[in-house]
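Q: One file is attached below, my_file_5.cif, containing mmCIF, N, CA and C atoms.
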```
data_target
#
loop_
_atom_site.label_atom_id
_atom_site.label_comp_id
_atom_site.auth_asym_id
_atom_site.auth_seq_id
_atom_site.Cartn_x
_atom_site.Cartn_y
_atom_site.Cartn_z
N LYS L 1 4.09 31.62 -5.09
CA LYS L 1 2.78 32.01 -4.60
C LYS L 1 1.72 31.22 -5.36
N ASP L 2 0.71 30.73 -4.64
CA ASP L 2 -0.37 29.99 -5.28
C ASP L 2 -1.16 30.91 -6.20
N GLY L 3 -1.62 30.32 -7.31
CA GLY L 3 -2.38 31.09 -8.29
C GLY L 3 -3.81 30.59 -8.39
N PRO L 4 -4.57 31.11 -9.35
CA PRO L 4 -5.98 30.71 -9.50
C PRO L 4 -6.16 29.27 -9.94
N ARG L 5 -5.12 28.66 -10.51
CA ARG L 5 -5.22 27.28 -10.98
C ARG L 5 -4.59 26.29 -10.02
N GLY L 6 -4.21 26.72 -8.83
CA GLY L 6 -3.64 25.81 -7.85
C GLY L 6 -2.31 26.28 -7.32
N PRO L 7 -1.56 25.34 -6.69
CA PRO L 7 -0.27 25.70 -6.09
C PRO L 7 0.73 26.19 -7.14
N ALA L 8 1.59 27.10 -6.73
CA ALA L 8 2.63 27.60 -7.61
C ALA L 8 3.60 26.48 -7.96
N LEU L 9 4.17 26.55 -9.15
CA LEU L 9 5.15 25.54 -9.57
C LEU L 9 6.42 25.67 -8.74
N PRO L 10 7.06 24.53 -8.40
CA PRO L 10 8.34 24.62 -7.71
C PRO L 10 9.40 25.14 -8.68
N PRO L 11 10.55 25.58 -8.17
CA PRO L 11 11.60 26.12 -9.05
C PRO L 11 12.02 25.11 -10.13
N LEU L 12 12.10 23.85 -9.78
CA LEU L 12 12.43 22.81 -10.76
C LEU L 12 11.24 21.83 -10.79
N PRO L 13 10.30 22.01 -11.71
CA PRO L 13 9.05 21.23 -11.67
C PRO L 13 9.16 19.80 -12.19
N ASP L 14 10.22 19.11 -11.81
CA ASP L 14 10.34 17.71 -12.22
C ASP L 14 9.81 16.76 -11.16
N HIS L 15 9.43 17.28 -9.99
CA HIS L 15 8.89 16.44 -8.92
C HIS L 15 7.92 17.28 -8.11
N TRP L 16 6.80 16.63 -7.75
CA TRP L 16 5.79 17.35 -6.97
C TRP L 16 5.28 16.40 -5.90
N GLU L 17 5.35 16.79 -4.65
CA GLU L 17 4.87 15.95 -3.56
C GLU L 17 3.36 15.77 -3.67
N ALA L 18 2.90 14.53 -3.60
CA ALA L 18 1.47 14.24 -3.63
C ALA L 18 0.93 14.17 -2.20
N PRO L 19 -0.37 14.38 -2.03
CA PRO L 19 -0.93 14.29 -0.67
C PRO L 19 -0.66 12.90 -0.06
N LEU L 20 -0.34 12.87 1.22
CA LEU L 20 -0.08 11.64 1.97
C LEU L 20 1.06 10.80 1.40
N MET L 21 1.95 11.41 0.63
CA MET L 21 3.02 10.65 -0.02
C MET L 21 4.25 10.50 0.86
N SER L 22 4.69 11.54 1.48
CA SER L 22 5.93 11.49 2.24
C SER L 22 5.75 10.75 3.55
N ALA L 23 6.75 9.97 3.90
CA ALA L 23 6.74 9.29 5.19
C ALA L 23 6.80 10.34 6.29
N THR L 24 6.14 10.05 7.39
CA THR L 24 6.13 10.94 8.55
C THR L 24 6.46 10.11 9.78
N GLU L 25 6.60 10.76 10.92
CA GLU L 25 6.88 10.02 12.14
C GLU L 25 5.73 9.06 12.47
N ALA L 26 4.50 9.52 12.27
CA ALA L 26 3.33 8.68 12.56
C ALA L 26 3.09 7.61 11.49
N HIS L 27 3.51 7.86 10.27
CA HIS L 27 3.30 6.94 9.13
C HIS L 27 4.63 6.79 8.38
N PRO L 28 5.56 5.99 8.93
CA PRO L 28 6.93 5.96 8.42
C PRO L 28 7.15 5.12 7.15
N PHE L 29 6.14 4.42 6.67
CA PHE L 29 6.32 3.57 5.50
C PHE L 29 5.58 4.10 4.29
N ARG L 30 6.14 3.84 3.11
CA ARG L 30 5.46 4.12 1.84
C ARG L 30 4.80 2.83 1.40
N LEU L 31 3.58 2.91 0.88
CA LEU L 31 2.81 1.74 0.45
C LEU L 31 2.57 1.79 -1.05
N ALA L 32 2.90 0.72 -1.74
CA ALA L 32 2.53 0.54 -3.15
C ALA L 32 1.54 -0.61 -3.23
N THR L 33 0.48 -0.41 -3.99
CA THR L 33 -0.56 -1.44 -4.15
C THR L 33 -0.49 -1.98 -5.57
N SER L 34 0.56 -2.70 -5.84
CA SER L 34 0.80 -3.29 -7.16
C SER L 34 -0.14 -4.46 -7.39
N PRO L 35 -0.44 -4.79 -8.66
CA PRO L 35 -1.29 -5.95 -8.93
C PRO L 35 -0.62 -7.25 -8.49
N ALA L 36 -1.41 -8.17 -7.98
CA ALA L 36 -0.89 -9.49 -7.63
C ALA L 36 -0.47 -10.22 -8.90
N ARG L 37 0.53 -11.03 -8.80
CA ARG L 37 1.10 -11.70 -9.98
C ARG L 37 0.10 -12.60 -10.71
N ASN L 38 -0.82 -13.20 -10.00
CA ASN L 38 -1.74 -14.15 -10.62
C ASN L 38 -3.13 -13.57 -10.88
N PHE L 39 -3.26 -12.26 -10.69
CA PHE L 39 -4.53 -11.59 -10.97
C PHE L 39 -4.30 -10.59 -12.10
N LEU L 40 -4.68 -10.96 -13.30
CA LEU L 40 -4.56 -10.03 -14.42
C LEU L 40 -5.46 -8.82 -14.20
N ASN L 41 -6.65 -9.09 -13.73
CA ASN L 41 -7.60 -8.04 -13.35
C ASN L 41 -8.54 -8.63 -12.31
N SER L 42 -9.52 -7.86 -11.86
CA SER L 42 -10.35 -8.31 -10.75
C SER L 42 -11.15 -9.56 -11.04
N SER L 43 -11.43 -9.87 -12.30
CA SER L 43 -12.19 -11.09 -12.59
C SER L 43 -11.40 -12.35 -12.22
N PHE L 44 -10.08 -12.27 -12.19
CA PHE L 44 -9.27 -13.44 -11.85
C PHE L 44 -9.25 -13.72 -10.35
N THR L 45 -9.76 -12.79 -9.54
CA THR L 45 -9.85 -13.05 -8.10
C THR L 45 -10.95 -14.06 -7.80
N GLU L 46 -11.70 -14.45 -8.81
CA GLU L 46 -12.80 -15.41 -8.65
C GLU L 46 -12.44 -16.80 -9.16
N THR L 47 -11.31 -16.96 -9.84
CA THR L 47 -10.98 -18.25 -10.44
C THR L 47 -10.23 -19.13 -9.44
N PRO L 48 -10.58 -20.41 -9.35
CA PRO L 48 -9.92 -21.31 -8.39
C PRO L 48 -8.40 -21.38 -8.56
N THR L 49 -7.91 -21.36 -9.79
CA THR L 49 -6.47 -21.47 -10.03
C THR L 49 -5.74 -20.25 -9.45
N SER L 50 -6.24 -19.06 -9.77
CA SER L 50 -5.60 -17.84 -9.26
C SER L 50 -5.69 -17.76 -7.74
N LEU L 51 -6.84 -18.09 -7.19
CA LEU L 51 -7.02 -18.06 -5.74
C LEU L 51 -6.08 -19.03 -5.04
N ALA L 52 -5.89 -20.22 -5.62
CA ALA L 52 -5.00 -21.21 -5.02
C ALA L 52 -3.55 -20.71 -5.01
N LYS L 53 -3.15 -19.98 -6.05
CA LYS L 53 -1.78 -19.47 -6.11
C LYS L 53 -1.56 -18.29 -5.18
N GLU L 54 -2.52 -17.39 -5.08
CA GLU L 54 -2.37 -16.19 -4.25
C GLU L 54 -2.74 -16.41 -2.79
N ARG L 55 -3.68 -17.27 -2.51
CA ARG L 55 -4.17 -17.67 -1.19
C ARG L 55 -4.93 -16.59 -0.43
N HIS L 56 -4.30 -15.46 -0.09
CA HIS L 56 -4.94 -14.42 0.70
C HIS L 56 -4.15 -13.13 0.56
N PRO L 57 -4.75 -12.00 0.89
CA PRO L 57 -4.02 -10.73 0.81
C PRO L 57 -2.83 -10.71 1.78
N THR L 58 -1.73 -10.17 1.31
CA THR L 58 -0.53 -10.02 2.13
C THR L 58 0.10 -8.66 1.89
N VAL L 59 0.98 -8.29 2.79
CA VAL L 59 1.82 -7.11 2.60
C VAL L 59 3.26 -7.56 2.75
N MET L 60 4.10 -7.20 1.79
CA MET L 60 5.52 -7.52 1.85
C MET L 60 6.25 -6.42 2.62
N ILE L 61 7.15 -6.85 3.50
CA ILE L 61 7.95 -5.93 4.31
C ILE L 61 9.38 -6.46 4.36
N HIS L 62 10.34 -5.56 4.30
CA HIS L 62 11.75 -5.96 4.39
C HIS L 62 12.01 -6.54 5.79
N PRO L 63 12.75 -7.66 5.88
CA PRO L 63 13.03 -8.28 7.19
C PRO L 63 13.66 -7.32 8.20
N GLU L 64 14.51 -6.39 7.74
CA GLU L 64 15.15 -5.44 8.67
C GLU L 64 14.17 -4.39 9.18
N ASP L 65 13.09 -4.14 8.45
CA ASP L 65 12.03 -3.27 8.95
C ASP L 65 11.10 -4.05 9.88
N ALA L 66 10.87 -5.32 9.56
CA ALA L 66 9.93 -6.15 10.33
C ALA L 66 10.48 -6.51 11.71
N GLY L 67 11.76 -6.83 11.80
CA GLY L 67 12.36 -7.30 13.05
C GLY L 67 12.11 -6.39 14.24
N PRO L 68 12.48 -5.10 14.15
CA PRO L 68 12.28 -4.22 15.30
C PRO L 68 10.81 -4.03 15.69
N LEU L 69 9.90 -4.30 14.76
CA LEU L 69 8.47 -4.15 15.03
C LEU L 69 7.84 -5.46 15.54
N GLY L 70 8.64 -6.52 15.63
CA GLY L 70 8.14 -7.81 16.09
C GLY L 70 7.25 -8.51 15.08
N ILE L 71 7.45 -8.19 13.80
CA ILE L 71 6.64 -8.79 12.74
C ILE L 71 7.39 -9.97 12.14
N GLY L 72 6.79 -11.14 12.20
CA GLY L 72 7.36 -12.34 11.61
C GLY L 72 6.56 -12.79 10.40
N GLU L 73 7.11 -13.74 9.68
CA GLU L 73 6.44 -14.29 8.49
C GLU L 73 5.04 -14.78 8.86
N GLY L 74 4.05 -14.33 8.12
CA GLY L 74 2.67 -14.77 8.32
C GLY L 74 1.92 -14.08 9.44
N ALA L 75 2.58 -13.15 10.13
CA ALA L 75 1.91 -12.44 11.25
C ALA L 75 0.77 -11.58 10.72
N TRP L 76 -0.28 -11.48 11.53
CA TRP L 76 -1.36 -10.54 11.22
C TRP L 76 -0.88 -9.14 11.56
N VAL L 77 -1.03 -8.22 10.61
CA VAL L 77 -0.63 -6.83 10.82
C VAL L 77 -1.77 -5.90 10.43
N ARG L 78 -1.67 -4.69 10.94
CA ARG L 78 -2.64 -3.66 10.58
C ARG L 78 -1.88 -2.52 9.93
N LEU L 79 -2.27 -2.17 8.71
CA LEU L 79 -1.76 -0.99 8.03
C LEU L 79 -2.77 0.12 8.27
N SER L 80 -2.27 1.34 8.52
CA SER L 80 -3.20 2.44 8.77
C SER L 80 -2.61 3.76 8.30
N ASN L 81 -3.51 4.69 8.01
CA ASN L 81 -3.17 6.09 7.76
C ASN L 81 -4.41 6.92 8.04
N GLU L 82 -4.42 8.17 7.60
CA GLU L 82 -5.54 9.06 7.88
C GLU L 82 -6.85 8.57 7.26
N ARG L 83 -6.77 7.73 6.26
CA ARG L 83 -7.96 7.26 5.56
C ARG L 83 -8.63 6.06 6.24
N GLY L 84 -7.89 5.28 7.01
CA GLY L 84 -8.46 4.11 7.65
C GLY L 84 -7.41 3.07 7.99
N ALA L 85 -7.87 1.82 8.16
CA ALA L 85 -6.98 0.72 8.54
C ALA L 85 -7.41 -0.56 7.84
N VAL L 86 -6.44 -1.42 7.58
CA VAL L 86 -6.65 -2.69 6.89
C VAL L 86 -5.86 -3.77 7.62
N THR L 87 -6.45 -4.95 7.76
CA THR L 87 -5.78 -6.09 8.40
C THR L 87 -5.43 -7.12 7.34
N LEU L 88 -4.18 -7.60 7.36
CA LEU L 88 -3.73 -8.64 6.44
C LEU L 88 -2.48 -9.30 7.00
N ARG L 89 -1.96 -10.29 6.29
CA ARG L 89 -0.78 -11.03 6.76
C ARG L 89 0.50 -10.47 6.16
N ALA L 90 1.57 -10.54 6.95
CA ALA L 90 2.88 -10.05 6.51
C ALA L 90 3.67 -11.16 5.82
N THR L 91 4.41 -10.75 4.82
CA THR L 91 5.37 -11.62 4.14
C THR L 91 6.72 -10.91 4.17
N LEU L 92 7.75 -11.56 4.68
CA LEU L 92 9.08 -10.97 4.72
C LEU L 92 9.76 -11.15 3.37
N PHE L 93 10.30 -10.05 2.83
CA PHE L 93 10.92 -10.10 1.50
C PHE L 93 12.08 -9.12 1.46
N ALA L 94 13.31 -9.66 1.37
CA ALA L 94 14.51 -8.83 1.38
C ALA L 94 14.72 -8.08 0.08
N GLY L 95 13.94 -8.35 -0.95
CA GLY L 95 14.08 -7.68 -2.24
C GLY L 95 13.43 -6.31 -2.29
N LEU L 96 12.88 -5.85 -1.18
CA LEU L 96 12.26 -4.53 -1.13
C LEU L 96 13.25 -3.48 -0.67
N ARG L 97 12.99 -2.26 -1.04
CA ARG L 97 13.72 -1.14 -0.47
C ARG L 97 13.19 -0.94 0.95
N ARG L 98 14.06 -0.70 1.89
CA ARG L 98 13.62 -0.47 3.27
C ARG L 98 12.72 0.75 3.32
N GLY L 99 11.67 0.66 4.15
CA GLY L 99 10.73 1.75 4.28
C GLY L 99 9.56 1.69 3.30
N VAL L 100 9.60 0.67 2.42
CA VAL L 100 8.53 0.49 1.43
C VAL L 100 7.79 -0.80 1.72
N LEU L 101 6.47 -0.76 1.65
CA LEU L 101 5.62 -1.94 1.79
C LEU L 101 4.91 -2.17 0.47
N ILE L 102 4.76 -3.43 0.08
CA ILE L 102 4.03 -3.77 -1.14
C ILE L 102 2.86 -4.66 -0.76
N ALA L 103 1.66 -4.21 -1.07
CA ALA L 103 0.45 -5.02 -0.87
C ALA L 103 -0.09 -5.35 -2.26
N GLU L 104 0.33 -6.52 -2.77
CA GLU L 104 -0.17 -6.92 -4.08
C GLU L 104 -1.68 -7.09 -3.97
N SER L 105 -2.38 -6.53 -4.93
CA SER L 105 -3.78 -6.32 -4.69
C SER L 105 -4.71 -6.81 -5.78
N ILE L 106 -5.83 -6.18 -5.87
CA ILE L 106 -7.04 -6.45 -6.63
C ILE L 106 -7.91 -7.46 -5.90
N TRP L 107 -7.61 -7.72 -4.63
CA TRP L 107 -8.46 -8.57 -3.82
C TRP L 107 -9.77 -7.85 -3.51
N PRO L 108 -10.89 -8.54 -3.52
CA PRO L 108 -12.15 -7.91 -3.11
C PRO L 108 -12.15 -7.66 -1.60
N ASN L 109 -12.97 -6.73 -1.16
CA ASN L 109 -13.02 -6.38 0.27
C ASN L 109 -13.29 -7.59 1.16
N ASP L 110 -14.14 -8.52 0.70
CA ASP L 110 -14.48 -9.65 1.57
C ASP L 110 -13.34 -10.66 1.73
N ALA L 111 -12.21 -10.45 1.05
CA ALA L 111 -11.03 -11.30 1.24
C ALA L 111 -10.24 -10.89 2.48
N TYR L 112 -10.55 -9.73 3.03
CA TYR L 112 -9.86 -9.21 4.22
C TYR L 112 -10.69 -9.54 5.46
N PRO L 113 -10.05 -9.87 6.57
CA PRO L 113 -10.81 -10.30 7.76
C PRO L 113 -11.77 -9.24 8.30
N ASP L 114 -11.46 -7.96 8.10
CA ASP L 114 -12.35 -6.92 8.61
C ASP L 114 -13.25 -6.33 7.53
N GLY L 115 -13.19 -6.93 6.31
CA GLY L 115 -14.07 -6.50 5.23
C GLY L 115 -13.67 -5.20 4.56
N ARG L 116 -12.49 -4.67 4.89
CA ARG L 116 -12.00 -3.44 4.26
C ARG L 116 -10.76 -3.78 3.45
N GLY L 117 -10.82 -3.52 2.14
CA GLY L 117 -9.70 -3.82 1.25
C GLY L 117 -8.63 -2.74 1.26
N ILE L 118 -7.57 -3.01 0.52
CA ILE L 118 -6.39 -2.14 0.52
C ILE L 118 -6.70 -0.74 0.03
N ASN L 119 -7.73 -0.58 -0.81
CA ASN L 119 -8.05 0.77 -1.28
C ASN L 119 -8.60 1.67 -0.18
N THR L 120 -8.84 1.11 1.00
CA THR L 120 -9.19 1.93 2.16
C THR L 120 -8.07 2.94 2.43
N LEU L 121 -6.83 2.56 2.12
CA LEU L 121 -5.66 3.38 2.43
C LEU L 121 -5.24 4.29 1.28
N THR L 122 -5.84 4.12 0.12
CA THR L 122 -5.46 4.91 -1.04
C THR L 122 -6.52 5.96 -1.31
N GLY L 123 -6.21 6.95 -2.12
CA GLY L 123 -7.15 8.01 -2.38
C GLY L 123 -7.28 8.32 -3.85
N ALA L 124 -8.26 9.12 -4.15
CA ALA L 124 -8.49 9.60 -5.50
C ALA L 124 -8.31 11.11 -5.54
N ASP L 125 -7.52 11.63 -4.61
CA ASP L 125 -7.28 13.06 -4.55
C ASP L 125 -6.58 13.52 -5.82
N ALA L 126 -7.02 14.63 -6.36
CA ALA L 126 -6.37 15.19 -7.55
C ALA L 126 -4.97 15.65 -7.17
N ALA L 127 -3.99 15.27 -7.95
CA ALA L 127 -2.60 15.62 -7.67
C ALA L 127 -2.25 16.96 -8.33
N ALA L 128 -1.35 17.69 -7.70
CA ALA L 128 -0.88 18.95 -8.26
C ALA L 128 -0.04 18.66 -9.49
N PRO L 129 0.09 19.54 -10.45
CA PRO L 129 -0.45 20.88 -10.37
C PRO L 129 -1.85 21.03 -10.97
N PHE L 130 -2.32 20.13 -11.83
CA PHE L 130 -3.58 20.36 -12.53
C PHE L 130 -4.53 19.18 -12.49
N GLY L 131 -4.53 18.39 -11.42
CA GLY L 131 -5.46 17.26 -11.37
C GLY L 131 -4.74 15.96 -11.64
N GLY L 132 -5.24 15.02 -12.23
CA GLY L 132 -4.53 13.77 -12.49
C GLY L 132 -4.43 12.92 -11.24
N ALA L 133 -4.07 11.68 -11.43
CA ALA L 133 -4.07 10.71 -10.33
C ALA L 133 -2.70 10.63 -9.66
N ALA L 134 -2.71 10.38 -8.36
CA ALA L 134 -1.48 10.18 -7.58
C ALA L 134 -1.39 8.70 -7.25
N PHE L 135 -0.95 7.90 -8.21
CA PHE L 135 -0.89 6.46 -8.01
C PHE L 135 0.26 6.06 -7.10
N HIS L 136 0.01 5.11 -6.24
CA HIS L 136 1.04 4.52 -5.37
C HIS L 136 1.66 5.53 -4.43
N ASP L 137 0.98 6.60 -4.13
CA ASP L 137 1.52 7.62 -3.24
C ASP L 137 0.77 7.62 -1.93
N ASN L 138 1.18 6.73 -1.04
CA ASN L 138 0.48 6.58 0.24
C ASN L 138 1.50 6.34 1.34
N HIS L 139 1.33 7.03 2.45
CA HIS L 139 2.16 6.70 3.61
C HIS L 139 1.27 5.94 4.60
N VAL L 140 1.90 5.01 5.33
CA VAL L 140 1.16 4.17 6.26
C VAL L 140 2.02 3.85 7.48
N ALA L 141 1.35 3.44 8.54
CA ALA L 141 1.99 2.82 9.70
C ALA L 141 1.67 1.33 9.63
N ILE L 142 2.52 0.50 10.21
CA ILE L 142 2.28 -0.93 10.28
C ILE L 142 2.50 -1.39 11.71
N ALA L 143 1.61 -2.23 12.19
CA ALA L 143 1.73 -2.75 13.56
C ALA L 143 1.31 -4.20 13.58
N VAL L 144 2.04 -5.01 14.34
CA VAL L 144 1.69 -6.42 14.48
C VAL L 144 0.48 -6.53 15.40
N LEU L 145 -0.41 -7.45 15.08
CA LEU L 145 -1.59 -7.69 15.90
C LEU L 145 -1.35 -8.89 16.81
N PRO L 146 -1.99 -8.95 17.97
CA PRO L 146 -1.82 -10.12 18.83
C PRO L 146 -2.25 -11.39 18.10
N GLN L 147 -1.47 -12.44 18.27
CA GLN L 147 -1.76 -13.70 17.56
C GLN L 147 -2.76 -14.54 18.30
#
```
Turn the structure described in the file into structure tokens.
A:
Amino acid sequence: KDGPRGPALPPLPDHWEAPLMSATEAHPFRLATSPARNFLNSSFTETPTSLAKERHPTVMIHPEDAGPLGIGEGAWVRLSNERGAVTLRATLFAGLRRGVLIAESIWPNDAYPDGRGINTLTGADAAAPFGGAAFHDNHVAIAVLPQ
């Protein structure tokens, strides 16, 4: 039963579902927004060397997840959830767990064609049981855009 400080603890409190974390029929993929390899922090998104190495925002998807959706290497895709939608290019990568998408990030909003960055899909909702951040806990849908 919920108490005055929030939801009741589960019987084994070693795991707690965060908002928008679990995959659903409408949003079957989990999204992690890990830092891009060549961006130590957001100031490196302005340096010519880092920009040349990273080129543009992408989302990594397992080839076996991409195939049935008609998503090929470099295709424009739209990621979406209840918070909004983001447009970026797909990169096929077999080193991912199926059902997981990785959008290496710290790109500024103006690096995306529609001006909305990856944080459009993430939230700052306080996680149970007592607040704190729910990092990398996002479910999304992915769809290929007409080329």
Q: For the atom pair atom C of Asn109 (chain L) and atom N of His27 (chain L), what is the interatomic distance in Å to one decimal place?
A: 24.6 Å
Q: May I have all residues of region 60-110 of chain L that DSSP, computed from the backbone, assigns to helix (DSSP H, G or I), given as a count of residues only?
A: 9
Q: I'd like the neighbourhood of Pro28 (chain L) as a PyMOL selection string, where a residue qualifies if any of its atoms comes within 8 Å (using only C-alpha atoms), though same-chain residues fewer than 5 positions away should be ignored.
A: chain L and resi 23+99+139-141
Q: What is the atom C of Leu96 (chain L)-atom N of Leu145 (chain L) distance in Å, reported with one decimal?
A: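 We find that atom C of Leu96 (chain L) and atom N of Leu145 (chain L) lie 21.2 Å from each other.
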Q: If the PyMOL selection byres ((chain L and resi 144) around 8) is run on the structure shown, which residues does it catch, given as JSON, numbers by chain?
A: {"L": [69, 70, 71, 72, 75, 76, 77, 78, 79, 141, 142, 143, 145, 146, 147]}
Q: Limited to N, CA and C atoms, could you put the picked residues into a file as a tab-separated table (two decimals), in the frame of the given file?
A:
```
chain	number	residue	atom	x	y	z
L	69	LEU	N	9.90	-4.30	14.76
L	69	LEU	CA	8.47	-4.15	15.03
L	69	LEU	C	7.84	-5.46	15.54
L	70	GLY	N	8.64	-6.52	15.63
L	70	GLY	CA	8.14	-7.81	16.09
L	70	GLY	C	7.25	-8.51	15.08
L	71	ILE	N	7.45	-8.19	13.80
L	71	ILE	CA	6.64	-8.79	12.74
L	71	ILE	C	7.39	-9.97	12.14
L	72	GLY	N	6.79	-11.14	12.20
L	72	GLY	CA	7.36	-12.34	11.61
L	72	GLY	C	6.56	-12.79	10.40
L	75	ALA	N	2.58	-13.15	10.13
L	75	ALA	CA	1.91	-12.44	11.25
L	75	ALA	C	0.77	-11.58	10.72
L	76	TRP	N	-0.28	-11.48	11.53
L	76	TRP	CA	-1.36	-10.54	11.22
L	76	TRP	C	-0.88	-9.14	11.56
L	77	VAL	N	-1.03	-8.22	10.61
L	77	VAL	CA	-0.63	-6.83	10.82
L	77	VAL	C	-1.77	-5.90	10.43
L	78	ARG	N	-1.67	-4.69	10.94
L	78	ARG	CA	-2.64	-3.66	10.58
L	78	ARG	C	-1.88	-2.52	9.93
L	79	LEU	N	-2.27	-2.17	8.71
L	79	LEU	CA	-1.76	-0.99	8.03
L	79	LEU	C	-2.77	0.12	8.27
L	141	ALA	N	1.35	3.44	8.54
L	141	ALA	CA	1.99	2.82	9.70
L	141	ALA	C	1.67	1.33	9.63
L	142	ILE	N	2.52	0.50	10.21
L	142	ILE	CA	2.28	-0.93	10.28
L	142	ILE	C	2.50	-1.39	11.71
L	143	ALA	N	1.61	-2.23	12.19
L	143	ALA	CA	1.73	-2.75	13.56
L	143	ALA	C	1.31	-4.20	13.58
L	145	LEU	N	-0.41	-7.45	15.08
L	145	LEU	CA	-1.59	-7.69	15.90
L	145	LEU	C	-1.35	-8.89	16.81
L	146	PRO	N	-1.99	-8.95	17.97
L	146	PRO	CA	-1.82	-10.12	18.83
L	146	PRO	C	-2.25	-11.39	18.10
L	147	GLN	N	-1.47	-12.44	18.27
L	147	GLN	CA	-1.76	-13.70	17.56
L	147	GLN	C	-2.76	-14.54	18.30
```
Q: Report, in Å with one decimal, the straight-line distance from CA of Glu25 (chain L) to atom N of Tyr112 (chain L).
A: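 Interatomic distance here is 27.9 Å.
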Q: Taking the file above as input, evaluate the PyMOL selection byres ((chain L and resi 58) around 8) and report the hits as a PyMOL selection string.
A: chain L and resi 54-57+59-61+87-91+102-105
Q: Edge lengths and centre in Å to one decimal, as AutoDock Vina command-line options, is what I'm after for the box along x, y and z that holds all listed atoms of region 140-144 of chain L once 8 Å is added on each side.
A:
```
--center_x 1.5 --center_y -0.8 --center_z 10.4 --size_x 18.0 --size_y 27.5 --size_z 26.1
```
Q: Quick one: DSSP strand (DSSP E or B) residues in region 60-121 of chain L, as a PyMOL selection string?
A: chain L and resi 60-61+76-81+84-92+100-102+105
Q: Which neighbours of Gly95 (chain L) fall inside 8 Å, counting all atoms listed in the file, when residues of the same chain fewer than 3 positions from it are skipped, and could you give them as a list of chain:residue names?
A: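 The filter keeps L:Ile61, L:His62, L:Pro63, L:Leu92, L:Arg98.
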